[in-house]
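The block underneath contains the structure these notes are about, expressed in structure tokens.
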Amino acid sequence: MACGPDADVMLVASGIVKINVVTIFPEFFDSLLGISIVGRAIEDGALRVEVIPLREYGLGKHKQLDDTPFGGGPGMVMMVEPLSKALEPLAETHRVLLTPAGRPLDQATLDRFAEIDELTLVCGRYEGVDQRVADNYIEEEVSLGDFVLAGGEVAAAAIVEGVARLLPGVVGNPDSTLTESFRDGLLEEPVYTRPAQFDGDAVPEVLLSGDHARIEAWRREQRLARTRERRPDLMSDGEKSES
Ligand code: ADE
């Protein structure tokens, strides 16, 4: 089913993607890389992930990574030298800093990242990252959303998984990446599976009718109603006036 303003969007990415992740917590990524879609993408050779422990680039015998902010204020700031040493050899890659000050992550950004041969995700920590890192070693700053986490690792994990599922052969049914929420600007409709009755709660009759035209009409109605209620900002003027 192809509908909505982005119907001509790329179904899946076309090639192998390598993602480098620069982090002070490399072990954070162990389970992500071993299971489910990401694990499968790596096993199939569609995705390569290299986790780069930033601590190795720390200064002095304590491998220092952060220092107090010039001008005063709370917390610590990640220093420029360790990150410059880690990121200079990756200058040919598309380097992305994860920070709450970045542009919000969305499906269009994931689609774009899935088309890039080599991506580097830089996980910020502490109160922030020395601005000279972003000025000299970063192509783009991205945020997971309008909230503050302890660091960029969760955002990097979201990007790795969001990209992995776009790669060729990784999601079993390619239709599912086309019809899902955000692909055509609407949230997904509710879905049901067996049993048809649970605790007196029945699956909507239309889904058991076998009438595909009615089912499609019902699904579109549900998508419109859900999006109108929860995310009216996603809707076009035409969709807003659809009943
Ligand atoms: N680090 C801390 N908060 C973050 C956020 N919202 N997105 C990306 N990186 C972050």
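For the structure tokens, the naming scheme is as follows: chains receive sequential letters (A, B, ...) according to their order of presentation, residues are indexed from 1 within each chain, and ligands are indexed from 1 in presentation order.
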Can you list every residue in region 9-224 of chain A that DSSP puts in alpha helix (DSSP H), as a JSON list (two decimals) with N, CA and C atoms, in the first residue's frame?
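selection17.json, freshly written:
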[["chain", "number", "residue", "atom", "x", "y", "z"],
["A", 30, "ASP", "N", 26.77, -4.27, 24.32],
["A", 30, "ASP", "CA", 26.93, -5.72, 24.16],
["A", 30, "ASP", "C", 25.63, -6.42, 23.80],
["A", 31, "SER", "N", 24.56, -6.18, 24.57],
["A", 31, "SER", "CA", 23.33, -6.93, 24.30],
["A", 31, "SER", "C", 22.68, -6.47, 23.01],
["A", 32, "LEU", "N", 22.72, -5.16, 22.75],
["A", 32, "LEU", "CA", 22.10, -4.62, 21.52],
["A", 32, "LEU", "C", 22.67, -5.31, 20.28],
["A", 33, "LEU", "N", 23.99, -5.51, 20.28],
["A", 33, "LEU", "CA", 24.64, -6.03, 19.07],
["A", 33, "LEU", "C", 24.45, -7.54, 18.91],
["A", 34, "GLY", "N", 23.99, -8.20, 19.98],
["A", 34, "GLY", "CA", 23.88, -9.66, 19.91],
["A", 34, "GLY", "C", 22.48, -10.17, 19.64],
["A", 36, "SER", "N", 18.16, -9.90, 18.30],
["A", 36, "SER", "CA", 17.09, -9.38, 17.47],
["A", 36, "SER", "C", 17.58, -8.83, 16.14],
["A", 37, "ILE", "N", 16.96, -7.75, 15.70],
["A", 37, "ILE", "CA", 17.21, -7.23, 14.36],
["A", 37, "ILE", "C", 18.65, -6.78, 14.16],
["A", 38, "VAL", "N", 19.23, -6.15, 15.17],
["A", 38, "VAL", "CA", 20.61, -5.68, 15.03],
["A", 38, "VAL", "C", 21.56, -6.88, 14.94],
["A", 39, "GLY", "N", 21.35, -7.86, 15.82],
["A", 39, "GLY", "CA", 22.18, -9.07, 15.79],
["A", 39, "GLY", "C", 22.08, -9.76, 14.43],
["A", 40, "ARG", "N", 20.86, -9.82, 13.91],
["A", 40, "ARG", "CA", 20.65, -10.48, 12.62],
["A", 40, "ARG", "C", 21.32, -9.71, 11.48],
["A", 41, "ALA", "N", 21.19, -8.37, 11.51],
["A", 41, "ALA", "CA", 21.79, -7.53, 10.46],
["A", 41, "ALA", "C", 23.31, -7.72, 10.45],
["A", 42, "ILE", "N", 23.90, -7.84, 11.65],
["A", 42, "ILE", "CA", 25.36, -8.03, 11.73],
["A", 42, "ILE", "C", 25.73, -9.42, 11.22],
["A", 43, "GLU", "N", 24.95, -10.41, 11.67],
["A", 43, "GLU", "CA", 25.21, -11.79, 11.23],
["A", 43, "GLU", "C", 25.10, -11.93, 9.71],
["A", 80, "VAL", "N", 38.22, 18.33, 24.75],
["A", 80, "VAL", "CA", 38.37, 18.25, 23.30],
["A", 80, "VAL", "C", 39.46, 17.25, 22.87],
["A", 81, "GLU", "N", 40.58, 17.14, 23.65],
["A", 81, "GLU", "CA", 41.70, 16.32, 23.14],
["A", 81, "GLU", "C", 41.34, 14.84, 22.93],
["A", 82, "PRO", "N", 40.74, 14.16, 23.95],
["A", 82, "PRO", "CA", 40.43, 12.73, 23.71],
["A", 82, "PRO", "C", 39.50, 12.54, 22.52],
["A", 83, "LEU", "N", 38.50, 13.40, 22.40],
["A", 83, "LEU", "CA", 37.55, 13.24, 21.29],
["A", 83, "LEU", "C", 38.21, 13.57, 19.96],
["A", 84, "SER", "N", 39.11, 14.56, 19.92],
["A", 84, "SER", "CA", 39.79, 14.86, 18.66],
["A", 84, "SER", "C", 40.66, 13.68, 18.24],
["A", 85, "LYS", "N", 41.32, 13.05, 19.21],
["A", 85, "LYS", "CA", 42.17, 11.88, 18.87],
["A", 85, "LYS", "C", 41.31, 10.72, 18.36],
["A", 86, "ALA", "N", 40.14, 10.55, 18.96],
["A", 86, "ALA", "CA", 39.27, 9.44, 18.54],
["A", 86, "ALA", "C", 38.63, 9.73, 17.18],
["A", 87, "LEU", "N", 38.33, 11.01, 16.92],
["A", 87, "LEU", "CA", 37.51, 11.34, 15.74],
["A", 87, "LEU", "C", 38.32, 11.73, 14.50],
["A", 107, "GLN", "N", 12.10, 9.63, 11.49],
["A", 107, "GLN", "CA", 12.26, 8.54, 10.51],
["A", 107, "GLN", "C", 13.05, 9.01, 9.29],
["A", 108, "ALA", "N", 12.84, 10.26, 8.87],
["A", 108, "ALA", "CA", 13.57, 10.76, 7.69],
["A", 108, "ALA", "C", 15.08, 10.76, 7.96],
["A", 109, "THR", "N", 15.47, 11.08, 9.19],
["A", 109, "THR", "CA", 16.90, 11.07, 9.54],
["A", 109, "THR", "C", 17.44, 9.63, 9.49],
["A", 110, "LEU", "N", 16.65, 8.68, 10.02],
["A", 110, "LEU", "CA", 17.08, 7.27, 9.97],
["A", 110, "LEU", "C", 17.19, 6.79, 8.53],
["A", 111, "ASP", "N", 16.23, 7.17, 7.68],
["A", 111, "ASP", "CA", 16.28, 6.79, 6.26],
["A", 111, "ASP", "C", 17.57, 7.30, 5.64],
["A", 112, "ARG", "N", 17.91, 8.55, 5.96],
["A", 112, "ARG", "CA", 19.12, 9.17, 5.41],
["A", 112, "ARG", "C", 20.37, 8.45, 5.94],
["A", 113, "PHE", "N", 20.41, 8.16, 7.24],
["A", 113, "PHE", "CA", 21.57, 7.48, 7.82],
["A", 113, "PHE", "C", 21.77, 6.09, 7.20],
["A", 131, "GLN", "N", 32.71, 22.73, 23.03],
["A", 131, "GLN", "CA", 32.13, 23.15, 21.76],
["A", 131, "GLN", "C", 33.08, 22.95, 20.58],
["A", 132, "ARG", "N", 34.40, 22.96, 20.86],
["A", 132, "ARG", "CA", 35.36, 22.79, 19.76],
["A", 132, "ARG", "C", 35.29, 21.40, 19.15],
["A", 133, "VAL", "N", 34.72, 20.43, 19.87],
["A", 133, "VAL", "CA", 34.49, 19.11, 19.27],
["A", 133, "VAL", "C", 33.45, 19.24, 18.16],
["A", 134, "ALA", "N", 32.30, 19.82, 18.52],
["A", 134, "ALA", "CA", 31.23, 19.98, 17.52],
["A", 134, "ALA", "C", 31.69, 20.86, 16.36],
["A", 135, "ASP", "N", 32.47, 21.90, 16.66],
["A", 135, "ASP", "CA", 32.90, 22.83, 15.61],
["A", 135, "ASP", "C", 33.85, 22.19, 14.61],
["A", 136, "ASN", "N", 34.66, 21.23, 15.06],
["A", 136, "ASN", "CA", 35.74, 20.74, 14.19],
["A", 136, "ASN", "C", 35.65, 19.28, 13.78],
["A", 137, "TYR", "N", 34.89, 18.48, 14.53],
["A", 137, "TYR", "CA", 34.94, 17.03, 14.26],
["A", 137, "TYR", "C", 33.57, 16.41, 14.06],
["A", 153, "GLU", "N", 24.29, 7.35, 24.88],
["A", 153, "GLU", "CA", 24.30, 5.93, 24.53],
["A", 153, "GLU", "C", 22.92, 5.41, 24.11],
["A", 154, "VAL", "N", 21.89, 5.80, 24.85],
["A", 154, "VAL", "CA", 20.54, 5.32, 24.51],
["A", 154, "VAL", "C", 20.13, 5.84, 23.12],
["A", 155, "ALA", "N", 20.48, 7.08, 22.84],
["A", 155, "ALA", "CA", 20.17, 7.66, 21.52],
["A", 155, "ALA", "C", 20.95, 6.93, 20.42],
["A", 156, "ALA", "N", 22.22, 6.61, 20.68],
["A", 156, "ALA", "CA", 23.02, 5.88, 19.68],
["A", 156, "ALA", "C", 22.42, 4.50, 19.44],
["A", 157, "ALA", "N", 21.99, 3.84, 20.52],
["A", 157, "ALA", "CA", 21.37, 2.51, 20.37],
["A", 157, "ALA", "C", 20.10, 2.61, 19.52],
["A", 158, "ALA", "N", 19.32, 3.66, 19.74],
["A", 158, "ALA", "CA", 18.09, 3.85, 18.95],
["A", 158, "ALA", "C", 18.44, 4.01, 17.46],
["A", 159, "ILE", "N", 19.50, 4.72, 17.18],
["A", 159, "ILE", "CA", 19.89, 4.93, 15.77],
["A", 159, "ILE", "C", 20.39, 3.62, 15.16],
["A", 160, "VAL", "N", 21.22, 2.88, 15.90],
["A", 160, "VAL", "CA", 21.73, 1.60, 15.37],
["A", 160, "VAL", "C", 20.55, 0.68, 15.03],
["A", 161, "GLU", "N", 19.58, 0.56, 15.95],
["A", 161, "GLU", "CA", 18.43, -0.32, 15.68],
["A", 161, "GLU", "C", 17.55, 0.23, 14.57],
["A", 162, "GLY", "N", 17.32, 1.54, 14.58],
["A", 162, "GLY", "CA", 16.47, 2.15, 13.55],
["A", 162, "GLY", "C", 17.06, 2.03, 12.16],
["A", 163, "VAL", "N", 18.39, 2.08, 12.06],
["A", 163, "VAL", "CA", 19.06, 1.91, 10.76],
["A", 163, "VAL", "C", 19.07, 0.43, 10.36],
["A", 164, "ALA", "N", 19.38, -0.45, 11.33],
["A", 164, "ALA", "CA", 19.51, -1.89, 11.02],
["A", 164, "ALA", "C", 18.26, -2.42, 10.35],
["A", 175, "ASP", "N", 7.02, -4.90, 3.27],
["A", 175, "ASP", "CA", 5.83, -4.06, 3.38],
["A", 175, "ASP", "C", 5.75, -3.38, 4.74],
["A", 176, "SER", "N", 6.25, -4.06, 5.77],
["A", 176, "SER", "CA", 6.08, -3.53, 7.12],
["A", 176, "SER", "C", 6.88, -2.24, 7.31],
["A", 177, "THR", "N", 7.97, -2.04, 6.57],
["A", 177, "THR", "CA", 8.68, -0.77, 6.71],
["A", 177, "THR", "C", 8.01, 0.35, 5.92],
["A", 178, "LEU", "N", 7.10, -0.02, 5.00],
["A", 178, "LEU", "CA", 6.42, 1.00, 4.20],
["A", 178, "LEU", "C", 5.14, 1.49, 4.86],
["A", 179, "THR", "N", 4.39, 0.58, 5.47],
["A", 179, "THR", "CA", 3.07, 0.97, 5.98],
["A", 179, "THR", "C", 3.10, 1.44, 7.43],
["A", 212, "HIS", "N", -11.72, -7.34, 2.34],
["A", 212, "HIS", "CA", -10.47, -6.56, 2.37],
["A", 212, "HIS", "C", -10.68, -5.07, 2.17],
["A", 213, "ALA", "N", -11.68, -4.72, 1.36],
["A", 213, "ALA", "CA", -11.96, -3.29, 1.14],
["A", 213, "ALA", "C", -12.44, -2.65, 2.45],
["A", 214, "ARG", "N", -13.33, -3.35, 3.14],
["A", 214, "ARG", "CA", -13.83, -2.83, 4.43],
["A", 214, "ARG", "C", -12.70, -2.74, 5.46],
["A", 215, "ILE", "N", -11.86, -3.77, 5.46],
["A", 215, "ILE", "CA", -10.74, -3.79, 6.42],
["A", 215, "ILE", "C", -9.81, -2.60, 6.16],
["A", 216, "GLU", "N", -9.47, -2.37, 4.91],
["A", 216, "GLU", "CA", -8.58, -1.25, 4.58],
["A", 216, "GLU", "C", -9.21, 0.08, 4.97],
["A", 217, "ALA", "N", -10.52, 0.22, 4.70],
["A", 217, "ALA", "CA", -11.21, 1.47, 5.06],
["A", 217, "ALA", "C", -11.19, 1.66, 6.58],
["A", 218, "TRP", "N", -11.44, 0.58, 7.32],
["A", 218, "TRP", "CA", -11.43, 0.65, 8.79],
["A", 218, "TRP", "C", -10.04, 1.03, 9.29],
["A", 219, "ARG", "N", -9.00, 0.42, 8.69],
["A", 219, "ARG", "CA", -7.62, 0.72, 9.14],
["A", 219, "ARG", "C", -7.28, 2.19, 8.92],
["A", 220, "ARG", "N", -7.68, 2.71, 7.76],
["A", 220, "ARG", "CA", -7.37, 4.12, 7.48],
["A", 220, "ARG", "C", -8.10, 5.04, 8.46],
["A", 221, "GLU", "N", -9.38, 4.73, 8.71],
["A", 221, "GLU", "CA", -10.16, 5.50, 9.70],
["A", 221, "GLU", "C", -9.46, 5.52, 11.07],
["A", 222, "GLN", "N", -9.00, 4.34, 11.49],
["A", 222, "GLN", "CA", -8.35, 4.22, 12.80],
["A", 222, "GLN", "C", -7.05, 5.02, 12.83],
["A", 223, "ARG", "N", -6.31, 4.95, 11.72],
["A", 223, "ARG", "CA", -5.04, 5.68, 11.65],
["A", 223, "ARG", "C", -5.30, 7.19, 11.75],
["A", 224, "LEU", "N", -6.33, 7.64, 11.03],
["A", 224, "LEU", "CA", -6.66, 9.07, 11.06],
["A", 224, "LEU", "C", -7.12, 9.48, 12.46]]
Subject >> Environment of ligand 1 within 9 Å, counting only C-alpha atoms and all ligand atoms, reported as number ranges by chain >> reply: A: 97-105, 123-128, 141-156
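If you look at CA of Met78 (chain A) and CA of Asp117 (chain A), they are 27.7 Å away from each other.
Backbone DSSP of region 53-146 of chain A yields strand (DSSP E) at Pro53, Asp66, Asp67, Val77, Met78, His94, Arg95, Val96, Leu97, Leu98, Thr99, Pro100, Ala101, Gly102, Arg103, Pro104, Glu118, Leu119, Thr120, Leu121, Val122, Cys123, Gly128, Val129, Glu140, Glu141, Val142 and Ser143 of chain A.
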With C-alpha atoms retained, could you export that selection as an mmCIF file, in the first residue's frame?
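The resulting file, out-v3.cif, is shown below:
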data_model
loop_
_atom_site.group_PDB
_atom_site.id
_atom_site.type_symbol
_atom_site.label_atom_id
_atom_site.label_comp_id
_atom_site.auth_asym_id
_atom_site.auth_seq_id
_atom_site.Cartn_x
_atom_site.Cartn_y
_atom_site.Cartn_z
ATOM 1 C CA PRO A 53 36.125 2.924 23.887
ATOM 2 C CA ASP A 66 36.424 15.542 31.494
ATOM 3 C CA ASP A 67 37.170 18.756 33.338
ATOM 4 C CA VAL A 77 32.590 18.935 30.427
ATOM 5 C CA MET A 78 34.070 16.334 28.069
ATOM 6 C CA HIS A 94 29.625 11.095 8.781
ATOM 7 C CA ARG A 95 30.167 12.005 12.426
ATOM 8 C CA VAL A 96 27.062 12.577 14.549
ATOM 9 C CA LEU A 97 27.109 13.900 18.114
ATOM 10 C CA LEU A 98 24.225 12.727 20.325
ATOM 11 C CA THR A 99 23.165 15.605 22.529
ATOM 12 C CA PRO A 100 19.872 17.053 23.819
ATOM 13 C CA ALA A 101 20.863 20.246 21.962
ATOM 14 C CA GLY A 102 20.721 18.462 18.579
ATOM 15 C CA ARG A 103 17.955 18.281 15.981
ATOM 16 C CA PRO A 104 15.277 15.767 17.010
ATOM 17 C CA GLU A 118 30.001 4.847 7.269
ATOM 18 C CA LEU A 119 28.446 6.651 10.192
ATOM 19 C CA THR A 120 30.118 7.583 13.496
ATOM 20 C CA LEU A 121 27.921 8.117 16.553
ATOM 21 C CA VAL A 122 29.571 10.075 19.353
ATOM 22 C CA CYS A 123 27.986 9.638 22.770
ATOM 23 C CA GLY A 128 28.209 18.600 27.814
ATOM 24 C CA VAL A 129 31.014 18.378 25.292
ATOM 25 C CA GLU A 140 25.600 16.911 12.606
ATOM 26 C CA GLU A 141 24.105 16.999 16.130
ATOM 27 C CA VAL A 142 21.072 14.830 16.912
ATOM 28 C CA SER A 143 18.791 14.533 19.958
#
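For the pair CA of Glu115 (chain A) and CA of Lys18 (chain A), the separation is 10.5 Å.
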Taking only C-alpha atoms into account, produce a table as a Markdown table in which each residue of region 146-206 of chain A with an atom at most 12 Å from an atom of region 227-231 of chain A appears once, together with its shortest atom pair and the distance in Å to one decimal, ordered by chain and rising number.
| residue | atom | partner | partner_atom | distance |
| --- | --- | --- | --- | --- |
| A:Ser181 | CA | A:Thr227 | CA | 9.7 |
| A:Phe182 | CA | A:Thr227 | CA | 10.2 |
| A:Asp184 | CA | A:Thr227 | CA | 11.6 |
| A:Gly185 | CA | A:Thr227 | CA | 8.8 |
| A:Leu186 | CA | A:Thr227 | CA | 5.9 |
| A:Leu187 | CA | A:Thr227 | CA | 5.5 |
| A:Glu188 | CA | A:Thr227 | CA | 8.4 |
| A:Glu189 | CA | A:Thr227 | CA | 9.2 |
| A:Pro190 | CA | A:Thr227 | CA | 11.7 |
**OP:** Name all residues at most 10 Å from Gln64 (chain A) (count only C-alpha atoms; drop same-chain ones fewer than 3 positions away) and give them as a PyMOL selection string.
**Re:** chain A and resi 55-61+67+78-79+82
